[in-house]
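One structure is given below, encoded as structure tokens.
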Amino acid sequence: MLMSKLVGERTKTSPADAVIKSHALMIRAGYMKLVSNGIWSLAMPAQRIAQKIENIIREEMNAIEGQECMFPVVMPREMWEESGRYSSIGDEMVRFKDRNGRDLVLGMTHEEAAVQFARDAVNSYQQLPFMIYQIQTKFRDEGRARGGLIRVREFKMKDAYSFHINQDDLEKYYYRAYDAYDRIFKRIGMKNFIAVQSDSGMMGGKISHEFMLLTDVGEDTLVLCPECGYKSNMEVATSVVENYADDEELPLEEVYTADAKDIAEVTKYLGDMPAYKTVKAVCYNVKGDSETTVVCFVRGDLEVNEAKLKKVIRKEVVPAGLEGSALVAGNIGCLGIEKIPNVITVYDASLKGANNMVTGANKEEYHIKNLSFNRDMNVKEFYDIAKVVEGARCSVCGKPLKLQNGIEIGNIFQLGTKYTESMGMTVLNQEGKAINPIMGCYGIGVGRAIASVAEESADEKGLNWPMAIAPWHVYLCALRTDDPIVKEKAEKLYADLQAAGVEVIYDDRNASAGFKFSDCDLMGIPIRVVISPRSIANDNIEVQLRDGSYKDNVNLDESVSKIKELINARI
RNA sequence: CGAGGUGUAGCGCAGUUUGGUAGCGCGCUUGGUUCGGGACCAAGAGGCCAUGGGUUCAAAUCCCGUCACCUCGACCA
């Protein structure tokens, strides 16, 4: 490729709206351009990176007997009615009509398509297990795209679906996929990533893992135990529940608290008492039912983990509006709440056995002091619905937990039979009985992988691609292209490198050295080769690595083999 | 969906308070001089000031609406 012909605008200044490094640099380096919110065009170098990542994914999927297929982007409503997701998924699925008024959807995931594809072709347990996958564009109408390619609406994704005769077989395959994922992320040059237990959300199913790149710009919060290696997404993380109870239980007392509403105000009003001696009430509505309010009580120093709450009440929740309910916002308390209509209560495990607690009095301007859960309340069951906090004790080994942000770069799910059952896929087992195969599913977003590697590897000069996915291996930088000898030698080297299978972009522009070096650094090409009057005088070229780990003058005759050696050592 | 912010040349920005011929830097074109870490000189090209309505002799600027984008929050296979 000739640099003079490469389409893509490189700029000195960062775009004003890019907040994270990978986003700003990929735009500055001319790798991509925004078309609409969360929708991007990729320039040639970004597309080359995407293709290299896709090929690595493909190789690893094929290595675990994956069969590459291609499912449609546009699917009929009926297929999604079968699984029940046409109505259960919200606005993030784009729905539209064709010319005949038929309802269609844009594919945001392809469980339905995979089952629809496989169910007639597969009839016997002897055909199991198998895995089918595709690498294809998805569209999810995210409420809020952000961070360049980190969170987008349109994106390319590898999604894989495996089918098994029983749970044992799924688990065996699941861990093969887990290992394949580990190899994929290592091969594309990602360093600081881990797999954590996760919530399986709308996919249904039980066990799932997310592969996470550890970085401060990540949107997910992870709970890690440095001691025993416990790793979990915040959504499903647990810690040892600490229960505090005073030896002496004081009598109940109603106290005037004026307009103190939240925990901070109440504790302050009551003489800077500790937050863990208060009961916090957090209200939600069940999705689609604004009549009923779910009131969660957690200890004042903790917060509600909505993902855990959803599991407890087995329903989707949204933050509640209290207008029209009999609840007194800011003064909601557990004592006597059963008398308030249309309220469901959930108590967090942190409150079990607690005493001398402050809670709302369920009337304006008053709170109750010295509530004892054993003495004054009759709570049938306490649930774990609190968020894990930094320093909480690990539920495995008891040591303090750490919180860390991460970007989700891939996920694997044990789906179970949700889709094979709802969509009527059966095979005959050894006994001749029809059963629903058990499914696993496995996803990796290609664009997000690009951005994640960029985020991890970029420095103050620009991007810095690992050799395995770099758009080109070599940036051939000819200085003084007006010098006919330089031009001739550079063009010959360009041709020789290409003939030797080296991917090279040739900067043939008649620009100053600094200008070219900056573009080379910004674009993040791993090997820079300089050919100039100075180097030619000694029959040399100058070879250096973007990461600074190698720099030397190499004789022109040996240059191709030396460069190949550098590349091969890094792929 | 809630709160805040921003829309002026390809990119980064000034101009808006106080209405009066649309500016700067980078980039781009042409010519010349330079040439190893974003060179210099000269001459150019390029803007319906997001958009629709008002107000006014006159609107980038004031008023009302709409849209887009960004940030925080909510949602998120």
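Labeling convention for the structure tokens: chains A, B, ... as they appear, residues from 1 per chain, ligands from 1 in order of appearance.
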Counting only C-alpha atoms (C1' of nucleotides), what are the residues of chain A within 9 Å of chain B, and for each of them which pair of atoms is the nearest and at what distance in Å, to one decimal? Sort the table by chain and rising number, as CSV.
```
residue,atom,partner,partner_atom,distance
A:Glu9,CA,B:G10,C1',8.0
A:Arg10,CA,B:C11,C1',8.8
A:Thr11,CA,B:C11,C1',6.4
A:Lys12,CA,B:C26,C1',7.5
A:Thr13,CA,B:G12,C1',5.9
A:Ser14,CA,B:G12,C1',7.6
A:Pro15,CA,B:C11,C1',7.4
A:Ala16,CA,B:G12,C1',7.8
A:Asp17,CA,B:C70,C1',5.5
A:Ala18,CA,B:C70,C1',8.3
A:Ser36,CA,B:C69,C1',8.8
A:Asn37,CA,B:C69,C1',7.7
A:Glu92,CA,B:C76,C1',8.1
A:Met108,CA,B:A77,C1',7.3
A:Thr109,CA,B:A77,C1',6.3
A:Glu142,CA,B:C76,C1',7.0
A:Gly143,CA,B:C75,C1',6.9
A:Arg144,CA,B:C75,C1',8.9
A:Ser200,CA,B:A77,C1',8.8
A:Gly201,CA,B:A77,C1',7.6
A:Met202,CA,B:A77,C1',6.2
A:Met203,CA,B:A77,C1',5.9
A:Val318,CA,B:A74,C1',8.6
A:Pro319,CA,B:A74,C1',8.3
A:Leu479,CA,B:G36,C1',7.9
A:Arg480,CA,B:C35,C1',7.1
A:Ala511,CA,B:C35,C1',8.2
A:Ser512,CA,B:C35,C1',6.0
A:Ala513,CA,B:G36,C1',5.6
A:Gly514,CA,B:G37,C1',3.9
A:Phe515,CA,B:G38,C1',4.3
A:Lys516,CA,B:G38,C1',7.9
A:Phe517,CA,B:G37,C1',6.5
A:Ser518,CA,B:G38,C1',6.4
A:Asp519,CA,B:G38,C1',8.5
A:Ser532,CA,B:G36,C1',8.5
A:Arg534,CA,B:G36,C1',8.8
```
Identify, with DSSP run on backbone atoms, the residues in range 316-511 of chain A assigned to alpha helix (DSSP H), and express the list as a PyMOL selection string. chain A and resi 373-376+418-422+446-457+484-499
Do a neighbour search on range 127-137 of chain A at 6 Å with only C-alpha atoms (C1' of nucleotides), toss out local chain neighbours closer than 5 positions, and write the hits as JSON, numbers by chain. {"A": [66, 67, 68, 69, 70, 155, 156, 157, 158, 159, 160, 161, 162, 163, 164]}
Residues near range 361-375 of chain A, cut-off 7 Å, only C-alpha atoms (C1' of nucleotides), skip fewer than 4 positions along chain, as a PyMOL selection string: chain A and resi 250-259+327-328+331-333+352-357
Give the strand (DSSP E or B) residues of range 25-265 of chain A, as DSSP finds them on the backbone, and put them as JSON, numbers by chain. {"A": [32, 33, 34, 35, 36, 39, 40, 41, 42, 66, 67, 68, 74, 75, 76, 95, 96, 97, 103, 104, 105, 106, 124, 130, 131, 132, 133, 134, 135, 136, 137, 138, 139, 146, 151, 154, 155, 156, 157, 158, 159, 160, 161, 162, 163, 164, 193, 194, 195, 196, 197, 208, 209, 210, 211, 212, 213, 214, 220, 221, 222, 223, 224, 231, 232, 233, 239, 253, 254, 255, 256]}
Polymer residues at most 9 Å from range 55-65 of chain B, only C-alpha atoms (C1' of nucleotides), same-chain spacing of 3 or more positions, as a list in words: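 Skipping anything fewer than 3 positions along the chain leaves U8, G15, U16, G19, G20, A22, C49 and G52 of chain B.
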Restrict the selected residues to N, CA and C atoms (P, O5', C5', C4', C3', O3' and C1' of nucleotides) and save them as an mmCIF file, in the first residue's frame.
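New file again-v1.cif:
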```cif
data_model
loop_
_atom_site.group_PDB
_atom_site.id
_atom_site.type_symbol
_atom_site.label_atom_id
_atom_site.label_comp_id
_atom_site.auth_asym_id
_atom_site.auth_seq_id
_atom_site.Cartn_x
_atom_site.Cartn_y
_atom_site.Cartn_z
ATOM 1 P P U B 8 -20.204 23.233 14.236
ATOM 2 O "O5'" U B 8 -20.383 24.760 13.846
ATOM 3 C "C5'" U B 8 -21.129 25.126 12.707
ATOM 4 C "C4'" U B 8 -20.584 26.377 12.103
ATOM 5 C "C3'" U B 8 -19.127 26.327 11.698
ATOM 6 O "O3'" U B 8 -18.925 25.652 10.471
ATOM 7 C "C1'" U B 8 -19.482 28.309 12.895
ATOM 8 P P G B 15 -15.476 33.706 22.088
ATOM 9 O "O5'" G B 15 -16.002 34.574 20.860
ATOM 10 C "C5'" G B 15 -15.485 35.869 20.625
ATOM 11 C "C4'" G B 15 -16.061 36.420 19.349
ATOM 12 C "C3'" G B 15 -17.579 36.597 19.339
ATOM 13 O "O3'" G B 15 -17.955 37.836 19.913
ATOM 14 C "C1'" G B 15 -16.875 35.541 17.324
ATOM 15 P P U B 16 -18.698 37.852 21.317
ATOM 16 O "O5'" U B 16 -20.146 37.310 20.942
ATOM 17 C "C5'" U B 16 -21.001 38.060 20.096
ATOM 18 C "C4'" U B 16 -22.393 37.486 20.157
ATOM 19 C "C3'" U B 16 -22.980 37.394 21.578
ATOM 20 O "O3'" U B 16 -24.355 37.725 21.538
ATOM 21 C "C1'" U B 16 -22.913 35.245 20.589
ATOM 22 P P G B 19 -26.888 44.303 20.725
ATOM 23 O "O5'" G B 19 -26.374 43.694 19.353
ATOM 24 C "C5'" G B 19 -25.737 42.441 19.306
ATOM 25 C "C4'" G B 19 -25.743 41.969 17.887
ATOM 26 C "C3'" G B 19 -25.225 43.001 16.904
ATOM 27 O "O3'" G B 19 -24.547 42.322 15.854
ATOM 28 C "C1'" G B 19 -27.463 42.478 16.397
ATOM 29 P P G B 20 -23.099 42.735 15.422
ATOM 30 O "O5'" G B 20 -23.379 43.473 14.044
ATOM 31 C "C5'" G B 20 -23.904 42.776 12.915
ATOM 32 C "C4'" G B 20 -23.772 43.611 11.659
ATOM 33 C "C3'" G B 20 -22.474 44.389 11.526
ATOM 34 O "O3'" G B 20 -22.142 44.475 10.150
ATOM 35 C "C1'" G B 20 -24.273 45.897 11.535
ATOM 36 P P A B 22 -20.765 38.451 6.086
ATOM 37 O "O5'" A B 22 -19.265 38.164 6.510
ATOM 38 C "C5'" A B 22 -18.773 38.673 7.733
ATOM 39 C "C4'" A B 22 -17.862 37.678 8.355
ATOM 40 C "C3'" A B 22 -16.798 37.105 7.436
ATOM 41 O "O3'" A B 22 -15.727 38.014 7.372
ATOM 42 C "C1'" A B 22 -17.764 35.420 8.820
ATOM 43 P P C B 49 -25.334 30.243 7.133
ATOM 44 O "O5'" C B 49 -24.316 29.252 7.845
ATOM 45 C "C5'" C B 49 -24.794 28.208 8.676
ATOM 46 C "C4'" C B 49 -23.927 28.122 9.890
ATOM 47 C "C3'" C B 49 -24.708 28.347 11.177
ATOM 48 O "O3'" C B 49 -24.222 27.444 12.135
ATOM 49 C "C1'" C B 49 -22.928 29.886 11.032
ATOM 50 P P G B 52 -33.793 25.651 7.397
ATOM 51 O "O5'" G B 52 -35.215 25.750 8.081
ATOM 52 C "C5'" G B 52 -36.131 24.681 7.955
ATOM 53 C "C4'" G B 52 -37.333 24.917 8.831
ATOM 54 C "C3'" G B 52 -37.780 26.371 8.916
ATOM 55 O "O3'" G B 52 -38.524 26.766 7.781
ATOM 56 C "C1'" G B 52 -37.737 25.447 11.078
#
```
